[in-house]
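Shown below: protein20.pdb, with PDB, C-alpha atoms, pLDDT in the B column.
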MODEL        1
ATOM      1  CA  MET F  46      -6.135  18.463 -16.091  1.00 73.00           C
ATOM      2  CA  THR F  47      -5.299  15.203 -17.841  1.00 83.00           C
ATOM      3  CA  SER F  48      -4.972  13.388 -14.532  1.00 88.00           C
ATOM      4  CA  VAL F  49      -8.503  14.471 -13.607  1.00 90.00           C
ATOM      5  CA  LEU F  50      -9.824  13.122 -16.923  1.00 91.00           C
ATOM      6  CA  PHE F  51      -7.880   9.917 -16.433  1.00 91.00           C
ATOM      7  CA  LEU F  52      -9.251   9.419 -12.932  1.00 92.00           C
ATOM      8  CA  ALA F  53     -12.792  10.220 -14.057  1.00 93.00           C
ATOM      9  CA  SER F  54     -12.604   7.750 -16.937  1.00 94.00           C
ATOM     10  CA  PHE F  55     -10.977   5.121 -14.712  1.00 95.00           C
ATOM     11  CA  PHE F  56     -13.726   5.356 -12.102  1.00 95.00           C
ATOM     12  CA  GLY F  57     -16.342   5.439 -14.860  1.00 95.00           C
ATOM     13  CA  VAL F  58     -15.043   2.170 -16.310  1.00 96.00           C
ATOM     14  CA  LEU F  59     -14.802   0.691 -12.824  1.00 97.00           C
ATOM     15  CA  ALA F  60     -18.403   1.686 -12.065  1.00 97.00           C
ATOM     16  CA  ALA F  61     -19.545   0.160 -15.369  1.00 97.00           C
ATOM     17  CA  ILE F  62     -17.821  -3.142 -14.542  1.00 97.00           C
ATOM     18  CA  VAL F  63     -19.395  -3.199 -11.077  1.00 97.00           C
ATOM     19  CA  GLY F  64     -22.795  -2.443 -12.609  1.00 96.00           C
ATOM     20  CA  VAL F  65     -22.478  -5.310 -15.082  1.00 95.00           C
ATOM     21  CA  LEU F  66     -21.432  -7.698 -12.306  1.00 94.00           C
ATOM     22  CA  VAL F  67     -24.396  -6.673 -10.160  1.00 94.00           C
ATOM     23  CA  VAL F  68     -26.808  -7.226 -13.046  1.00 92.00           C
ATOM     24  CA  VAL F  69     -25.302 -10.632 -13.860  1.00 89.00           C
ATOM     25  CA  LEU F  70     -25.429 -11.770 -10.238  1.00 87.00           C
ATOM     26  CA  LEU F  71     -29.000 -10.574  -9.751  1.00 87.00           C
ATOM     27  CA  ARG F  72     -30.176 -12.341 -12.911  1.00 85.00           C
ATOM     28  CA  ARG F  73     -28.834 -15.721 -11.819  1.00 77.00           C
ATOM     29  CA  PRO F  74     -31.682 -17.995 -10.855  1.00 72.00           C
ATOM     30  CA  SER F  75     -31.717 -19.227  -7.305  1.00 69.00           C
ATOM     31  CA  SER F  76     -32.051 -22.774  -8.480  1.00 66.00           C
ATOM     32  CA  THR F  77     -33.443 -25.329  -6.119  1.00 69.00           C
ATOM     33  CA  THR F  78     -33.154 -29.025  -6.657  1.00 65.00           C
ATOM     34  CA  GLU F  79     -36.518 -30.409  -7.640  1.00 75.00           C
ATOM     35  CA  ASN F  80     -35.972 -34.110  -8.257  1.00 85.00           C
ATOM     36  CA  VAL F  81     -35.042 -36.944  -5.917  1.00 87.00           C
ATOM     37  CA  ASP F  82     -31.715 -37.712  -7.597  1.00 87.00           C
ATOM     38  CA  GLY F  83     -30.531 -34.141  -7.117  1.00 85.00           C
ATOM     39  CA  LEU F  84     -31.602 -34.142  -3.484  1.00 88.00           C
ATOM     40  CA  LEU F  85     -29.716 -37.382  -2.846  1.00 91.00           C
ATOM     41  CA  ILE F  86     -26.592 -35.994  -4.519  1.00 91.00           C
ATOM     42  CA  GLU F  87     -26.811 -32.833  -2.400  1.00 90.00           C
ATOM     43  CA  GLN F  88     -27.258 -34.911   0.743  1.00 93.00           C
ATOM     44  CA  GLN F  89     -24.218 -37.076  -0.054  1.00 95.00           C
ATOM     45  CA  ARG F  90     -22.073 -34.028  -0.757  1.00 94.00           C
ATOM     46  CA  ARG F  91     -23.230 -32.322   2.436  1.00 94.00           C
ATOM     47  CA  ILE F  92     -22.309 -35.435   4.462  1.00 95.00           C
ATOM     48  CA  GLN F  93     -18.940 -35.677   2.683  1.00 94.00           C
ATOM     49  CA  ALA F  94     -18.214 -32.001   3.388  1.00 93.00           C
ATOM     50  CA  TYR F  95     -19.058 -32.514   7.072  1.00 92.00           C
ATOM     51  CA  GLU F  96     -16.754 -35.554   7.293  1.00 88.00           C
ATOM     52  CA  ASP F  97     -13.964 -33.670   5.522  1.00 87.00           C
ATOM     53  CA  ARG F  98     -14.286 -30.771   7.963  1.00 86.00           C
ATOM     54  CA  GLN F  99     -14.045 -33.230  10.854  1.00 83.00           C
ATOM     55  CA  ASN F 100     -11.058 -35.105   9.404  1.00 81.00           C
ATOM     56  CA  TYR F 101      -9.071 -32.190   7.997  1.00 82.00           C
ATOM     57  CA  GLY F 102     -10.211 -29.300  10.201  1.00 75.00           C
ATOM     58  CA  PRO F 103      -8.030 -27.276  12.573  1.00 74.00           C
ATOM     59  CA  GLY F 104      -8.229 -29.787  15.435  1.00 67.00           C
ATOM     60  CA  ALA F 105      -7.591 -32.864  13.291  1.00 63.00           C
ATOM     61  CA  ARG F 106      -3.838 -32.905  14.006  1.00 65.00           C
ATOM     62  CA  ASN F 107      -4.319 -32.960  17.763  1.00 64.00           C
ATOM     63  CA  ARG F 108      -6.375 -36.165  17.844  1.00 62.00           C
ATOM     64  CA  PRO F 109      -4.911 -39.620  18.323  1.00 61.00           C
ATOM     65  CA  PRO F 110      -4.935 -41.842  15.222  1.00 59.00           C
ATOM     66  CA  GLY F 111      -8.317 -43.354  14.503  1.00 59.00           C
ATOM     67  CA  LEU F 112     -10.392 -40.907  16.510  1.00 57.00           C
ATOM     68  CA  GLY F 113     -10.564 -38.325  13.734  1.00 52.00           C
ATOM     69  CA  ASP F 114     -11.444 -40.814  11.050  1.00 55.00           C
ATOM     70  CA  SER F 115     -15.207 -40.768  10.593  1.00 54.00           C
ATOM     71  CA  HIS F 116     -15.304 -42.642   7.282  1.00 52.00           C
ATOM     72  CA  ARG F 117     -17.362 -45.809   7.277  1.00 52.00           C
ATOM     73  CA  ARG F 118     -15.361 -48.996   6.910  1.00 47.00           C
TER
ENDMDL
END
Please lay out the structure from this file as structure tokens.
Amino acid sequence: MTSVLFLASFFGVLAAIVGVLVVVLLRRPSSTTENVDGLLIEQQRRIQAYEDRQNYGPGARNRPPGLGDSHRR
């Protein structure tokens, strides 16, 4: 009998935690960048992420030196 109460309370606490997480995640604003500075920062970071994926991705080790380096010099 005590194991049933323990399991019920455990799943009750687990459900409460999941409920709180869902509420917190749904309340987060889907913020969009509205000014030019923010858009430029996002663009630079997107370009940097693309270059990093090219330089350090799965096929980066198989390329000859210099061909995988897309950084501007």
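The spacing separating atom CA of F:Ala61 from atom CA of F:Thr47 amounts to 20.9 Å.
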Taking all listed atoms of stretch 58-71 of chain F, build the axis-aligned box, pad each of the six sides by 5 Å, then write its centre and edge lengths in Å to one decimal as AutoDock Vina command-line options.
--center_x -21.9 --center_y -4.8 --center_z -13.0 --size_x 24.2 --size_y 23.9 --size_z 16.6
Query raised in the report: What does the distance from atom CA of F:Arg72 to atom CA of F:Ile86 come to in Å, to one decimal?
Result: 25.4 Å
Reconstruct all heavy atoms of stretch 65-76 of chain F from the incomplete input and present them as a CSV table (one decimal), keeping the file's coordinate frame.
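Just written: selection.csv:
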chain,number,residue,atom,x,y,z
F,65,VAL,N,-22.3,-4.1,-14.3
F,65,VAL,CA,-22.5,-5.3,-15.1
F,65,VAL,C,-22.4,-6.5,-14.2
F,65,VAL,O,-23.3,-7.4,-14.3
F,65,VAL,CB,-21.4,-5.4,-16.2
F,65,VAL,CG1,-21.5,-6.8,-16.8
F,65,VAL,CG2,-21.7,-4.4,-17.3
F,66,LEU,N,-21.5,-6.6,-13.2
F,66,LEU,CA,-21.4,-7.7,-12.3
F,66,LEU,C,-22.7,-7.8,-11.4
F,66,LEU,O,-23.2,-8.9,-11.2
F,66,LEU,CB,-20.2,-7.6,-11.4
F,66,LEU,CG,-18.9,-7.9,-12.1
F,66,LEU,CD1,-17.7,-7.6,-11.2
F,66,LEU,CD2,-18.8,-9.3,-12.7
F,67,VAL,N,-23.2,-6.7,-11.0
F,67,VAL,CA,-24.4,-6.7,-10.2
F,67,VAL,C,-25.6,-7.2,-11.0
F,67,VAL,O,-26.3,-8.0,-10.5
F,67,VAL,CB,-24.7,-5.3,-9.6
F,67,VAL,CG1,-26.1,-5.2,-9.0
F,67,VAL,CG2,-23.7,-4.9,-8.6
F,68,VAL,N,-25.7,-6.8,-12.2
F,68,VAL,CA,-26.8,-7.2,-13.0
F,68,VAL,C,-26.7,-8.7,-13.3
F,68,VAL,O,-27.7,-9.5,-13.2
F,68,VAL,CB,-26.8,-6.4,-14.4
F,68,VAL,CG1,-27.8,-7.1,-15.4
F,68,VAL,CG2,-27.2,-5.0,-14.1
F,69,VAL,N,-25.5,-9.2,-13.6
F,69,VAL,CA,-25.3,-10.6,-13.9
F,69,VAL,C,-25.6,-11.5,-12.6
F,69,VAL,O,-26.3,-12.5,-12.7
F,69,VAL,CB,-23.9,-10.9,-14.3
F,69,VAL,CG1,-23.5,-12.4,-14.3
F,69,VAL,CG2,-23.6,-10.3,-15.7
F,70,LEU,N,-25.2,-11.0,-11.5
F,70,LEU,CA,-25.4,-11.8,-10.2
F,70,LEU,C,-26.9,-11.7,-9.8
F,70,LEU,O,-27.4,-12.7,-9.3
F,70,LEU,CB,-24.6,-11.2,-9.1
F,70,LEU,CG,-23.1,-11.5,-9.2
F,70,LEU,CD1,-22.3,-10.9,-8.1
F,70,LEU,CD2,-22.8,-13.0,-9.2
F,71,LEU,N,-27.6,-10.7,-10.1
F,71,LEU,CA,-29.0,-10.6,-9.8
F,71,LEU,C,-29.9,-11.4,-10.7
F,71,LEU,O,-31.0,-11.8,-10.4
F,71,LEU,CB,-29.5,-9.1,-9.7
F,71,LEU,CG,-28.9,-8.3,-8.5
F,71,LEU,CD1,-29.4,-6.9,-8.6
F,71,LEU,CD2,-29.4,-8.9,-7.2
F,72,ARG,N,-29.4,-11.6,-11.9
F,72,ARG,CA,-30.2,-12.3,-12.9
F,72,ARG,C,-30.0,-13.8,-12.7
F,72,ARG,O,-30.8,-14.6,-13.3
F,72,ARG,CB,-29.7,-12.0,-14.3
F,72,ARG,CG,-30.2,-10.6,-14.8
F,72,ARG,CD,-29.9,-10.3,-16.2
F,72,ARG,NE,-30.1,-11.5,-17.0
F,72,ARG,CZ,-29.7,-11.6,-18.3
F,72,ARG,NH1,-29.0,-10.7,-18.8
F,72,ARG,NH2,-29.9,-12.7,-19.0
F,73,ARG,N,-29.0,-14.3,-12.0
F,73,ARG,CA,-28.8,-15.7,-11.8
F,73,ARG,C,-30.0,-16.3,-11.1
F,73,ARG,O,-30.4,-15.8,-10.1
F,73,ARG,CB,-27.6,-16.0,-11.0
F,73,ARG,CG,-26.3,-15.7,-11.8
F,73,ARG,CD,-25.1,-15.9,-10.9
F,73,ARG,NE,-25.0,-17.3,-10.5
F,73,ARG,CZ,-24.2,-17.7,-9.6
F,73,ARG,NH1,-23.4,-16.9,-9.0
F,73,ARG,NH2,-24.2,-19.0,-9.2
F,74,PRO,N,-30.5,-17.4,-11.6
F,74,PRO,CA,-31.7,-18.0,-10.9
F,74,PRO,C,-31.2,-18.7,-9.6
F,74,PRO,O,-30.2,-19.2,-9.5
F,74,PRO,CB,-32.2,-19.0,-11.8
F,74,PRO,CG,-31.0,-19.4,-12.7
F,74,PRO,CD,-30.2,-18.1,-12.8
F,75,SER,N,-32.0,-18.5,-8.6
F,75,SER,CA,-31.7,-19.2,-7.3
F,75,SER,C,-32.3,-20.6,-7.4
F,75,SER,O,-33.4,-20.9,-7.0
F,75,SER,CB,-32.3,-18.5,-6.1
F,75,SER,OG,-33.7,-18.4,-6.3
F,76,SER,N,-31.5,-21.4,-8.1
F,76,SER,CA,-32.1,-22.8,-8.5
F,76,SER,C,-32.2,-23.7,-7.2
F,76,SER,O,-31.3,-23.7,-6.4
F,76,SER,CB,-31.1,-23.4,-9.5
F,76,SER,OG,-29.9,-23.6,-9.0
